[in-house]
>>> print(open('input_21.cif').read())   # mmCIF, C-alpha atoms
data_coords
loop_
_atom_site.label_atom_id
_atom_site.label_comp_id
_atom_site.auth_asym_id
_atom_site.auth_seq_id
_atom_site.Cartn_x
_atom_site.Cartn_y
_atom_site.Cartn_z
CA MET V 1 0.00 0.00 0.00
CA MET V 2 2.94 2.33 0.62
CA PRO V 3 3.86 2.67 -3.08
CA LEU V 4 0.22 3.38 -3.95
CA SER V 5 -0.07 5.91 -1.15
CA TYR V 6 3.14 7.63 -2.28
CA ALA V 7 1.99 7.72 -5.91
CA LYS V 8 -1.36 9.21 -4.87
CA ASN V 9 0.26 11.96 -2.81
CA HIS V 10 3.13 12.70 -5.16
CA TYR V 11 1.72 12.01 -8.62
CA GLY V 12 2.72 15.49 -9.80
CA LEU V 13 6.33 14.86 -8.84
CA ILE V 14 6.25 11.48 -10.58
CA LEU V 15 4.68 12.90 -13.76
CA PHE V 16 7.20 15.72 -14.00
CA SER V 17 10.05 13.25 -13.38
CA LEU V 18 8.72 11.28 -16.35
CA VAL V 19 9.15 14.42 -18.47
CA ILE V 20 12.84 14.39 -17.59
CA PHE V 21 13.15 10.63 -18.08
CA GLY V 22 11.35 10.64 -21.43
CA SER V 23 13.29 13.54 -22.87
CA ALA V 24 16.20 11.39 -24.04
CA LEU V 25 14.29 8.28 -25.08
CA ASP V 26 12.53 9.53 -28.19
CA THR V 27 11.74 12.72 -30.07
CA SER V 28 8.19 12.71 -28.75
CA VAL V 29 8.20 10.82 -25.43
CA GLY V 30 9.37 13.78 -23.35
CA LEU V 31 6.83 16.12 -24.92
CA ASN V 32 4.05 13.56 -24.52
CA PHE V 33 4.82 13.27 -20.81
CA LEU V 34 4.91 17.07 -20.60
CA LEU V 35 1.45 17.35 -22.13
CA LEU V 36 0.24 14.54 -19.84
CA PHE V 37 1.53 16.48 -16.83
CA VAL V 38 -0.23 19.67 -17.97
CA ILE V 39 -3.51 17.96 -18.88
CA VAL V 40 -3.73 15.85 -15.70
CA SER V 41 -2.82 18.83 -13.52
CA GLY V 42 -5.31 21.08 -15.26
CA VAL V 43 -8.15 18.57 -14.99
CA VAL V 44 -7.46 17.76 -11.34
CA PHE V 45 -7.20 21.36 -10.20
CA SER V 46 -10.20 22.44 -12.25
CA ALA V 47 -12.38 19.59 -10.97
CA THR V 48 -11.35 19.69 -7.33
CA ASN V 49 -10.18 23.28 -6.92
CA SER V 50 -7.34 21.78 -4.94
CA GLY V 51 -3.89 23.15 -4.35
CA GLU V 52 -2.82 26.38 -2.76
CA ASN V 53 -2.93 29.66 -4.62
CA ILE V 54 0.42 30.45 -6.16
CA HIS V 55 1.74 33.99 -6.03
CA LEU V 56 4.83 34.53 -8.15
CA SER V 57 6.88 37.68 -7.75
CA SER V 58 6.99 40.21 -10.56
CA ARG V 59 10.49 39.05 -11.49
CA TYR V 60 9.31 35.52 -12.23
CA LYS V 61 6.30 36.88 -14.10
CA LEU V 62 8.59 39.06 -16.23
CA THR V 63 10.81 36.13 -17.25
CA ILE V 64 7.85 33.86 -17.97
CA GLY V 65 6.16 36.70 -19.87
CA LEU V 66 9.24 37.23 -22.03
CA PHE V 67 9.39 33.55 -22.97
CA PHE V 68 5.67 33.61 -23.75
CA ALA V 69 6.16 36.77 -25.86
CA THR V 70 8.93 34.95 -27.73
CA TYR V 71 6.55 32.07 -28.43
CA ILE V 72 3.86 34.46 -29.73
CA GLY V 73 6.52 36.18 -31.84
CA LEU V 74 7.50 32.87 -33.46
CA VAL V 75 3.89 32.06 -34.29
CA CYS V 76 3.18 35.53 -35.71
CA SER V 77 6.39 35.48 -37.73
CA GLU V 78 5.47 32.13 -39.29
CA ILE V 79 1.95 33.32 -40.14
CA LEU V 80 3.21 36.52 -41.79
CA THR V 81 6.01 34.71 -43.61
CA SER V 82 4.41 31.54 -44.94
CA PHE V 83 0.70 32.43 -45.05
CA ASP V 84 0.20 28.68 -44.60
CA PRO V 85 -2.14 27.45 -41.83
CA ALA V 86 -0.41 24.06 -41.76
CA GLU V 87 3.01 25.63 -41.20
CA ALA V 88 1.61 27.99 -38.56
CA ALA V 89 0.04 25.01 -36.78
CA SER V 90 3.41 23.24 -36.92
CA VAL V 91 5.10 26.17 -35.16
CA ILE V 92 2.29 26.39 -32.59
CA VAL V 93 2.71 22.71 -31.70
CA ASN V 94 6.49 22.33 -31.91
CA TYR V 95 7.31 25.43 -29.87
CA LEU V 96 4.44 24.97 -27.41
CA PRO V 97 6.84 24.13 -24.52
CA VAL V 98 8.05 27.75 -24.61
CA GLY V 99 4.48 28.99 -24.25
CA LEU V 100 3.64 26.44 -21.54
CA LEU V 101 6.60 27.31 -19.33
CA GLY V 102 4.65 29.49 -16.89
CA LEU V 103 1.77 27.02 -16.64
CA VAL V 104 4.14 24.12 -15.96
CA LEU V 105 5.85 26.12 -13.19
CA VAL V 106 2.52 26.98 -11.55
CA PHE V 107 1.39 23.34 -11.68
CA CYS V 108 4.72 22.19 -10.20
CA LEU V 109 4.28 24.61 -7.30
CA LYS V 110 0.66 23.55 -6.80
CA HIS V 111 1.84 19.94 -6.63
CA GLY V 112 4.43 20.91 -4.02
CA VAL V 113 7.25 20.00 -6.40
CA SER V 114 10.40 21.65 -5.05
CA PHE V 115 14.02 21.49 -6.11
CA SER V 116 14.93 19.39 -3.07
CA LYS V 117 12.13 16.89 -3.74
CA LEU V 118 13.04 16.61 -7.42
CA THR V 119 16.80 16.19 -6.93
CA PRO V 120 16.72 12.46 -6.00
CA TRP V 121 14.63 11.78 -9.09
CA VAL V 122 17.08 13.70 -11.29
CA ALA V 123 19.97 11.67 -9.86
CA LEU V 124 18.06 8.40 -10.29
CA ILE V 125 17.29 9.25 -13.92
CA ALA V 126 20.98 10.02 -14.54
CA ILE V 127 21.88 6.60 -13.11
CA ILE V 128 19.26 4.86 -15.28
CA TYR V 129 20.58 6.71 -18.35
CA ALA V 130 24.12 5.54 -17.52
CA ILE V 131 22.96 1.93 -17.32
CA PHE V 132 21.18 2.29 -20.68
CA ALA V 133 24.25 3.95 -22.19
CA LEU V 134 26.63 1.23 -21.02
CA TYR V 135 24.28 -1.43 -22.32
CA GLN V 136 23.87 0.27 -25.69
CA SER V 137 27.59 0.87 -26.13
CA ASN V 138 28.30 -2.75 -25.29
CA TRP V 139 25.65 -4.59 -27.25
CA ARG V 140 24.58 -2.27 -30.06
CA PRO V 141 26.59 -1.87 -33.28
CA SER V 142 27.24 1.84 -32.80
CA GLY V 143 30.22 3.85 -31.62
CA ARG V 144 28.10 6.53 -29.91
CA VAL V 145 25.17 5.99 -27.58
CA SER V 146 22.04 7.82 -28.57
CA PHE V 147 19.03 5.85 -27.23
CA GLY V 148 17.84 5.54 -30.81
CA TYR V 149 17.84 9.25 -31.61
CA ASN V 150 20.90 11.50 -31.81
CA PRO V 151 23.97 11.50 -29.54
CA ILE V 152 24.18 15.31 -29.34
CA PRO V 153 20.74 16.00 -27.77
CA LEU V 154 21.34 13.09 -25.38
CA GLY V 155 24.65 14.66 -24.38
CA MET V 156 22.92 18.01 -23.86
CA ILE V 157 20.28 16.39 -21.63
CA ALA V 158 22.94 14.55 -19.63
CA ILE V 159 24.71 17.88 -19.08
CA GLN V 160 21.54 19.27 -17.47
CA LEU V 161 21.29 16.24 -15.17
CA MET V 162 24.95 16.66 -14.25
CA PHE V 163 24.52 20.39 -13.58
CA TRP V 164 21.54 19.95 -11.26
CA CYS V 165 23.09 17.05 -9.36
CA GLY V 166 26.10 19.31 -8.89
CA CYS V 167 23.92 22.14 -7.57
CA ALA V 168 22.30 19.75 -5.11
CA THR V 169 25.73 18.88 -3.68
CA LEU V 170 27.28 22.35 -3.43
CA GLU V 171 26.51 22.59 0.28
CA ARG V 172 27.44 19.90 2.78
CA GLN V 173 24.06 19.93 4.48
CA ARG V 174 22.35 19.33 1.13
CA SER V 175 24.69 16.58 0.12
CA SER V 176 23.30 13.26 -0.95
CA LEU V 177 25.09 10.12 -1.97
CA LEU V 178 22.50 9.63 -4.71
CA ALA V 179 23.17 13.10 -6.16
CA LEU V 180 26.93 12.53 -6.05
CA VAL V 181 26.48 9.26 -7.91
CA GLY V 182 24.20 11.17 -10.31
CA ILE V 183 27.08 13.50 -11.22
CA VAL V 184 29.25 10.51 -12.11
CA ALA V 185 26.47 8.75 -14.02
CA ALA V 186 25.58 11.84 -16.06
CA PHE V 187 29.25 12.40 -16.89
CA TRP V 188 29.51 8.83 -18.12
CA VAL V 189 26.53 9.37 -20.42
CA VAL V 190 28.10 12.54 -21.84
CA TYR V 191 31.35 10.68 -22.45
CA LEU V 192 29.63 7.73 -24.14
CA THR V 193 27.78 10.00 -26.57
CA ALA V 194 31.21 11.13 -27.88
CA SER V 195 29.66 14.55 -28.58
CA ARG V 196 32.29 17.27 -28.65
CA ALA V 197 30.41 20.30 -27.32
CA PRO V 198 28.66 18.40 -24.50
CA GLY V 199 31.97 16.70 -23.70
CA ILE V 200 33.82 20.00 -23.36
CA VAL V 201 30.99 21.53 -21.30
CA GLY V 202 30.90 18.43 -19.10
CA PHE V 203 34.62 18.70 -18.30
CA ALA V 204 34.17 22.43 -17.57
CA LEU V 205 31.19 21.86 -15.24
CA LEU V 206 33.03 19.10 -13.39
CA SER V 207 35.99 21.45 -12.87
CA VAL V 208 33.76 24.27 -11.60
CA TRP V 209 31.99 21.91 -9.22
CA PHE V 210 35.30 20.60 -7.87
CA LEU V 211 36.59 24.14 -7.24
CA PHE V 212 33.49 25.64 -5.65
CA SER V 213 31.64 22.79 -3.95
CA LYS V 214 31.84 22.80 -0.16
CA GLN V 215 31.97 19.03 -0.06
CA PRO V 216 35.04 17.58 1.69
CA LEU V 217 38.08 17.35 -0.55
CA LEU V 218 38.06 13.57 -0.23
CA VAL V 219 34.48 13.43 -1.52
CA ARG V 220 35.24 15.72 -4.46
CA ALA V 221 38.32 13.68 -5.33
CA ALA V 222 36.26 10.48 -5.19
CA VAL V 223 33.75 11.97 -7.65
CA LEU V 224 36.55 12.92 -10.07
CA ILE V 225 38.12 9.47 -9.83
CA SER V 226 34.72 7.85 -10.37
CA CYS V 227 34.13 9.99 -13.46
CA ALA V 228 37.54 9.01 -14.82
CA SER V 229 36.81 5.34 -14.10
CA ILE V 230 34.73 5.26 -17.28
CA LEU V 231 38.03 4.80 -19.15
CA PRO V 232 39.18 1.51 -17.55
CA LEU V 233 35.57 0.37 -17.30
CA PHE V 234 35.07 0.93 -20.99
CA ASN V 235 38.35 -0.80 -21.84
CA PHE V 236 37.25 -3.74 -19.70
CA LEU V 237 33.91 -3.91 -21.49
CA GLY V 238 35.74 -3.74 -24.80
CA GLU V 239 38.00 -6.65 -23.90
CA LEU V 240 34.99 -8.56 -22.59
CA ALA V 241 33.16 -7.95 -25.86
CA LYS V 242 36.15 -9.10 -27.88
CA SER V 243 36.61 -12.24 -25.81
CA SER V 244 32.93 -13.11 -26.21
CA GLU V 245 33.12 -12.43 -29.95
CA VAL V 246 30.83 -9.42 -29.70
CA SER V 247 32.04 -6.99 -32.34
CA SER V 248 29.85 -4.04 -31.51
CA LEU V 249 32.60 -2.37 -29.46
CA ASN V 250 35.40 -2.85 -31.97
CA ILE V 251 34.62 0.46 -33.63
CA LEU V 252 35.57 2.21 -30.38
CA PHE V 253 39.01 0.62 -30.07
CA GLU V 254 40.29 0.32 -33.63
CA PRO V 255 43.26 2.67 -34.16
CA ALA V 256 41.75 4.01 -37.38
CA ASN V 257 38.77 5.39 -35.50
CA GLY V 258 40.43 6.32 -32.23
CA SER V 259 38.95 6.19 -28.77
CA LEU V 260 35.96 8.10 -27.58
CA LEU V 261 38.26 10.34 -25.53
CA GLY V 262 40.26 11.08 -28.64
CA ARG V 263 37.16 11.98 -30.60
CA LEU V 264 35.99 14.28 -27.82
CA SER V 265 39.31 16.12 -27.91
CA VAL V 266 39.17 16.83 -31.64
CA VAL V 267 37.75 20.33 -31.98
CA ASP V 268 37.13 21.88 -35.38
CA SER V 269 39.45 24.92 -35.28
CA SER V 270 37.23 26.65 -37.83
CA ILE V 271 34.64 27.01 -35.05
CA ILE V 272 37.07 29.26 -33.19
CA THR V 273 38.84 31.00 -36.08
CA GLY V 274 35.98 31.27 -38.54
CA ILE V 275 38.32 29.88 -41.23
CA ASP V 276 37.41 26.68 -42.99
CA THR V 277 40.08 24.07 -42.33
CA GLY V 278 38.53 21.23 -44.23
CA VAL V 279 37.65 19.43 -41.00
CA SER V 280 34.13 18.22 -41.43
CA SER V 281 31.34 18.07 -38.89
CA SER V 282 27.80 16.99 -39.73
CA GLY V 283 28.90 16.77 -43.37
CA THR V 284 30.48 20.20 -43.70
CA SER V 285 32.43 22.74 -41.68
CA ARG V 286 30.50 24.66 -39.03
CA SER V 287 32.08 27.93 -40.08
CA TRP V 288 30.61 27.66 -43.58
CA ILE V 289 27.19 26.81 -42.18
CA TRP V 290 27.31 29.89 -39.97
CA HIS V 291 28.51 32.06 -42.85
CA THR V 292 25.61 30.81 -44.97
CA GLY V 293 23.17 31.47 -42.14
CA ILE V 294 24.37 35.07 -41.77
CA GLU V 295 24.01 35.67 -45.51
CA VAL V 296 20.49 34.24 -45.42
CA ILE V 297 19.60 36.47 -42.45
CA LYS V 298 20.69 39.56 -44.37
CA GLN V 299 18.06 38.85 -47.04
CA GLN V 300 15.14 38.55 -44.56
CA PRO V 301 16.29 40.16 -41.28
CA TRP V 302 12.92 41.07 -39.73
CA LEU V 303 10.61 38.06 -40.03
CA GLY V 304 13.03 35.42 -41.26
CA TRP V 305 12.27 32.71 -43.80
CA GLY V 306 9.84 30.58 -41.83
CA ARG V 307 10.34 27.34 -39.97
CA GLU V 308 10.74 25.07 -42.99
CA THR V 309 8.92 25.67 -46.26
CA ARG V 310 10.53 28.89 -47.47
CA LEU V 311 14.07 27.61 -46.96
CA THR V 312 14.08 26.73 -50.65
CA GLN V 313 16.80 25.40 -52.93
CA GLU V 314 16.73 28.70 -54.84
CA MET V 315 17.37 30.66 -51.66
CA PHE V 316 20.34 28.45 -50.75
CA ARG V 317 21.80 28.65 -54.26
CA ALA V 318 21.62 32.44 -54.08
CA VAL V 319 24.12 32.43 -51.20
CA ASP V 320 26.27 29.52 -52.47
CA ALA V 321 25.26 27.29 -49.57
CA PRO V 322 27.06 23.93 -49.11
CA ALA V 323 25.21 20.97 -50.60
CA PHE V 324 24.68 19.34 -47.20
CA LEU V 325 22.95 22.44 -45.86
CA THR V 326 20.52 22.58 -48.79
CA THR V 327 19.31 19.04 -48.12
CA PHE V 328 19.14 19.38 -44.31
CA PRO V 329 18.79 23.03 -43.23
CA HIS V 330 20.31 22.97 -39.76
CA PHE V 331 22.46 25.98 -38.87
CA HIS V 332 24.22 24.49 -35.81
CA ASN V 333 23.93 27.69 -33.79
CA GLU V 334 20.89 28.66 -31.75
CA ILE V 335 20.96 32.40 -32.43
CA ILE V 336 21.68 32.08 -36.14
CA ASN V 337 19.10 29.32 -36.54
CA MET V 338 16.44 31.41 -34.78
CA ALA V 339 17.24 34.54 -36.81
CA VAL V 340 17.15 32.61 -40.10
CA ARG V 341 13.76 31.07 -39.41
CA PHE V 342 11.98 33.82 -37.45
CA GLY V 343 14.05 36.98 -37.82
CA ILE V 344 16.51 38.98 -35.75
CA PRO V 345 13.84 40.40 -33.35
CA ALA V 346 12.80 36.86 -32.37
CA ALA V 347 16.43 35.90 -31.73
CA ILE V 348 16.94 39.02 -29.59
CA LEU V 349 13.77 38.32 -27.62
CA MET V 350 14.97 34.78 -26.94
CA ILE V 351 18.30 36.12 -25.63
CA VAL V 352 16.57 38.72 -23.44
CA SER V 353 14.28 36.00 -22.03
CA TYR V 354 17.25 33.95 -20.91
CA ALA V 355 19.11 37.01 -19.58
CA SER V 356 16.11 38.02 -17.46
CA LEU V 357 16.90 35.08 -15.18
CA PHE V 358 19.60 37.29 -13.67
CA LEU V 359 16.84 39.54 -12.32
CA ILE V 360 15.46 36.65 -10.26
CA ALA V 361 18.69 35.90 -8.42
CA THR V 362 18.46 37.54 -4.99
CA ASN V 363 22.01 36.96 -3.73
CA LYS V 364 25.56 36.52 -4.98
CA ARG V 365 25.47 32.73 -4.83
CA ALA V 366 22.25 32.52 -6.85
CA PHE V 367 23.66 35.01 -9.35
CA TRP V 368 26.75 32.90 -10.04
CA ILE V 369 24.75 29.68 -10.31
CA THR V 370 22.48 31.44 -12.81
CA PHE V 371 25.59 32.60 -14.67
CA VAL V 372 26.98 29.05 -14.90
CA PHE V 373 23.55 27.72 -15.89
CA LEU V 374 23.19 30.18 -18.77
CA SER V 375 26.84 29.75 -19.76
CA GLN V 376 26.49 26.00 -20.22
CA LEU V 377 23.27 26.45 -22.20
CA PHE V 378 24.96 29.07 -24.39
CA ALA V 379 28.03 26.86 -24.88
CA LEU V 380 25.83 23.95 -25.99
CA SER V 381 23.93 26.28 -28.34
CA VAL V 382 27.05 27.61 -30.05
CA THR V 383 27.36 24.49 -32.22
CA ASP V 384 23.84 23.07 -32.00
CA VAL V 385 20.24 24.11 -31.33
CA ILE V 386 17.80 23.49 -28.50
CA TRP V 387 14.67 25.19 -29.83
CA HIS V 388 14.41 23.16 -33.05
CA HIS V 389 14.78 19.60 -31.70
CA SER V 390 11.61 18.32 -30.04
CA VAL V 391 13.66 16.09 -27.74
CA SER V 392 15.73 19.02 -26.48
CA MET V 393 12.64 21.24 -26.31
CA SER V 394 11.34 19.05 -23.49
CA MET V 395 14.82 19.33 -21.98
CA PHE V 396 14.42 23.13 -22.22
CA VAL V 397 11.26 22.90 -20.12
CA PHE V 398 12.59 20.70 -17.32
CA THR V 399 15.91 22.52 -16.99
CA LEU V 400 14.22 25.97 -16.91
CA ILE V 401 11.67 24.71 -14.36
CA LEU V 402 14.52 23.35 -12.23
CA MET V 403 16.17 26.77 -12.47
CA PHE V 404 12.99 28.47 -11.28
CA LEU V 405 12.50 25.96 -8.45
CA PHE V 406 16.11 26.30 -7.36
CA LEU V 407 15.88 30.11 -7.26
CA ILE V 408 12.58 29.95 -5.35
CA GLU V 409 14.08 27.58 -2.78
CA ASP V 410 17.27 29.63 -2.55
CA SER V 411 15.25 32.82 -1.97
CA GLU V 412 13.24 31.11 0.80
CA ARG V 413 16.48 29.90 2.41
CA VAL V 414 17.85 33.46 2.46
CA GLU V 415 14.58 34.81 3.92
CA ASP V 416 14.56 32.16 6.64
CA ALA V 417 18.17 32.96 7.53
CA SER V 418 17.43 36.70 7.75
CA THR V 419 14.47 36.21 10.11
CA ARG V 420 16.41 34.13 12.60
#
>>> encode(input="input_21.cif", output="structure tokens")
Amino acid sequence: MMPLSYAKNHYGLILFSLVIFGSALDTSVGLNFLLLFVIVSGVVFSATNSGENIHLSSRYKLTIGLFFATYIGLVCSEILTSFDPAEAASVIVNYLPVGLLGLVLVFCLKHGVSFSKLTPWVALIAIIYAIFALYQSNWRPSGRVSFGYNPIPLGMIAIQLMFWCGCATLERQRSSLLALVGIVAAFWVVYLTASRAPGIVGFALLSVWFLFSKQPLLVRAAVLISCASILPLFNFLGELAKSSEVSSLNILFEPANGSLLGRLSVVDSSIITGIDTGVSSSGTSRSWIWHTGIEVIKQQPWLGWGRETRLTQEMFRAVDAPAFLTTFPHFHNEIINMAVRFGIPAAILMIVSYASLFLIATNKRAFWITFVFLSQLFALSVTDVIWHHSVSMSMFVFTLILMFLFLIEDSERVEDASTR
């Protein structure tokens, strides 16, 4: 009866945890769980009028309002650009998580979902992902784990799990063995995706956590050693696979392909210099993709070209776009991608929405955590996009909600300390 009683009293927490869990499994699972959470919460609270009234401060309302304004801007831009109801409906549905952000936060608060209550679930999900990743890398014929989708979004999601487990273990009194294990597990997932940007961000976050966490030095060292243990563990699994005549891991250890660590360390210098070096990524150099995107933006700076249909072959030929980009229009940079599709104003509004999180931070500690949070999101968005992948759109929701919940809890902690 205890599990049933827990599920009845904490169904909101369980449903929102499923949003996090489903985000990496499939392009639609995370969003389906998100809609389930919203629908169930809406029906329950409408039918029973249960839950306390939620009063958000003006700072939270401003940030949520800016994200909602961005969502409305995307929809209006698509309508004015394409004049196609089907394309407008596509934008309404695919970017709905941005518009639902405020509603999801209110429902989380009505359910009593707090950062502290959600942290064990985040850590548990990271551990489950690590088990899946080790299984897939060992028994599936692929050099990069992806859970059947794409290694890069999975790496981006694992980074969020790692970040929040790290935040939960910054203070000694908030420490949890489960959250510490969650850091290690999430790092393993990032490593096994062999995705360069998430890999670099993961190493950076681990370094920041080690330097600024108030955990005992021995604990921090144990976490670092555990993260590094993925190397001998993976070599052991590789030898085990070879000895059992399982060839799925051979691709990871053949000298011609290099190790996963080696692939993570190879950074396309054209990303930094802006000069094409001939090093390919996703079929062509990032620098040329960005250059093409900027040229396309210049032709339609205000409303953009629309989400999909008006990115025509003729338009790409007019700016001498690489062949790969004409067949799969993905600009591998969040700001450029947003400006191409919906115009410069939409891209600016998106940036302002993120930046407004700084207004919510009420103390120095919260400010710097917000800074690191936005920095890792920006770093991931430099070479990829969050707002165009449905799987990472559900990631956008849960990581922003966790940011809100963390800031709310941090503000309450400061208020309690000041009244004592």
>>> residues_around(input="input_21.cif", residues="Leu100 in chain V", least_positions_apart="2", cutoff="10 Å", atoms="only C-alpha atoms", output="list in words")
Leu34, Leu35, Val38, Ile64, Phe67, Phe68, Tyr71, Tyr95, Leu96, Pro97, Val98, Gly102, Leu103, Val104, Leu105 and Val397 of chain V
>>> resolve_selection(input="input_21.cif", expression="the PyMOL selection byres ((chain V and resi 179-185) around 7)", output="VMD selection string")
chain V and resid 120 123 to 124 126 to 127 130 162 165 to 166 168 to 169 176 to 178 186 to 189 223 226 to 227
>>> closest_residue(input="input_21.cif", among="V:Arg144, V:His291, V:Arg172, V:Lys8", to="Arg220 in chain V", atoms="all atoms listed in the file")
V:Arg172
>>> closest_atom_pairs(input="input_21.cif", of="range 48-95 of chain V", to="range 362-375 of chain V", cutoff="12 Å", atoms="all atoms listed in the file", output="tab-separated table")
residue	atom	partner	partner_atom	distance
V:Ser57	CA	V:Thr362	CA	11.9
V:Arg59	CA	V:Thr362	CA	10.4
V:Tyr60	CA	V:Thr362	CA	11.8
>>> atom_distance(input="input_21.cif", atom1="CA of Val19 in chain V", atom2="CA of Phe33 in chain V")
5.1 Å
>>> atom_distance(input="input_21.cif", atom1="CA of Lys298 in chain V", atom2="CA of Ile351 in chain V")
19.2 Å
>>> resolve_selection(input="input_21.cif", expression="the PyMOL selection byres ((chain V and resi 402-410) around 7)", output="ChimeraX atom specification")
/V:114-115,361,366,398-401,411-414
>>> closest_residue(input="input_21.cif", among="V:Val91, V:Ile336, V:Ala228, V:Ile152", to="Gly306 in chain V", atoms="only C-alpha atoms")
V:Val91
>>> atom_distance(input="input_21.cif", atom1="CA of Asp26 in chain V", atom2="CA of Ser90 in chain V")
18.6 Å
>>> residues_around(input="input_21.cif", residues="range 385-391 of chain V", least_positions_apart="4", cutoff="8 Å", atoms="only C-alpha atoms", output="PDB file with C-alpha atoms, keeping the file's coordinate frame")
ATOM      1  CA  SER V  23      13.290  13.540 -22.870  1.00  0.00           C
ATOM      2  CA  ALA V  24      16.200  11.390 -24.040  1.00  0.00           C
ATOM      3  CA  ASP V  26      12.530   9.530 -28.190  1.00  0.00           C
ATOM      4  CA  THR V  27      11.740  12.720 -30.070  1.00  0.00           C
ATOM      5  CA  SER V  28       8.190  12.710 -28.750  1.00  0.00           C
ATOM      6  CA  VAL V  29       8.200  10.820 -25.430  1.00  0.00           C
ATOM      7  CA  GLY V  30       9.370  13.780 -23.350  1.00  0.00           C
ATOM      8  CA  LEU V  31       6.830  16.120 -24.920  1.00  0.00           C
ATOM      9  CA  ASN V  94       6.490  22.330 -31.910  1.00  0.00           C
ATOM     10  CA  TYR V  95       7.310  25.430 -29.870  1.00  0.00           C
ATOM     11  CA  PRO V 153      20.740  16.000 -27.770  1.00  0.00           C
ATOM     12  CA  HIS V 332      24.220  24.490 -35.810  1.00  0.00           C
ATOM     13  CA  ASN V 333      23.930  27.690 -33.790  1.00  0.00           C
ATOM     14  CA  GLU V 334      20.890  28.660 -31.750  1.00  0.00           C
ATOM     15  CA  ASN V 337      19.100  29.320 -36.540  1.00  0.00           C
ATOM     16  CA  LEU V 380      25.830  23.950 -25.990  1.00  0.00           C
ATOM     17  CA  SER V 381      23.930  26.280 -28.340  1.00  0.00           C
ATOM     18  CA  MET V 395      14.820  19.330 -21.980  1.00  0.00           C
ATOM     19  CA  PHE V 396      14.420  23.130 -22.220  1.00  0.00           C
TER      20      PHE V 396
END
>>> closest_residue(input="input_21.cif", among="V:Leu13, V:Ala346, V:Val201, V:Leu62", to="Lys110 in chain V", atoms="only C-alpha atoms")
V:Leu13
>>> residues_around(input="input_21.cif", residues="Ser82 in chain V", least_positions_apart="2", cutoff="12 Å", atoms="only C-alpha atoms", output="PyMOL selection string")
chain V and resi 74-80+84-91+303-311+341-342
>>> closest_residue(input="input_21.cif", among="V:Phe331, V:Trp302, V:Thr81, V:Ile125", to="Ile289 in chain V", atoms="all atoms listed in the file")
V:Phe331
>>> residues_around(input="input_21.cif", residues="Gln136 in chain V", least_positions_apart="6", cutoff="9 Å", atoms="all atoms listed in the file", output="JSON, numbers by chain")
{"V": [142, 144, 145, 146, 147]}
>>> residues_around(input="input_21.cif", residues="Leu170 in chain V", least_positions_apart="6", cutoff="9 Å", atoms="all atoms listed in the file", output="ChimeraX atom specification")
/V:209,212-215
>>> closest_residue(input="input_21.cif", among="V:Tyr129, V:Phe234, V:Phe378, V:Phe203", to="Ile157 in chain V", atoms="all atoms listed in the file")
V:Tyr129
>>> closest_residue(input="input_21.cif", among="V:Ala47, V:Thr70, V:Glu171, V:Ile20", to="Pro216 in chain V", atoms="only C-alpha atoms")
V:Glu171
>>> decode(input="input_21.cif", residues="range 222-235 of chain V", atoms="C-alpha atoms", output="PDB file, in the first residue's frame")
ATOM      1  CA  ALA V 222      36.259  10.476  -5.189  1.00  0.00           C
ATOM      2  CA  VAL V 223      33.754  11.971  -7.645  1.00  0.00           C
ATOM      3  CA  LEU V 224      36.555  12.918 -10.069  1.00  0.00           C
ATOM      4  CA  ILE V 225      38.122   9.474  -9.827  1.00  0.00           C
ATOM      5  CA  SER V 226      34.724   7.849 -10.366  1.00  0.00           C
ATOM      6  CA  CYS V 227      34.131   9.986 -13.462  1.00  0.00           C
ATOM      7  CA  ALA V 228      37.543   9.007 -14.823  1.00  0.00           C
ATOM      8  CA  SER V 229      36.813   5.337 -14.096  1.00  0.00           C
ATOM      9  CA  ILE V 230      34.730   5.257 -17.277  1.00  0.00           C
ATOM     10  CA  LEU V 231      38.034   4.803 -19.154  1.00  0.00           C
ATOM     11  CA  PRO V 232      39.180   1.513 -17.552  1.00  0.00           C
ATOM     12  CA  LEU V 233      35.570   0.374 -17.300  1.00  0.00           C
ATOM     13  CA  PHE V 234      35.071   0.932 -20.987  1.00  0.00           C
ATOM     14  CA  ASN V 235      38.351  -0.799 -21.838  1.00  0.00           C
TER      15      ASN V 235
END
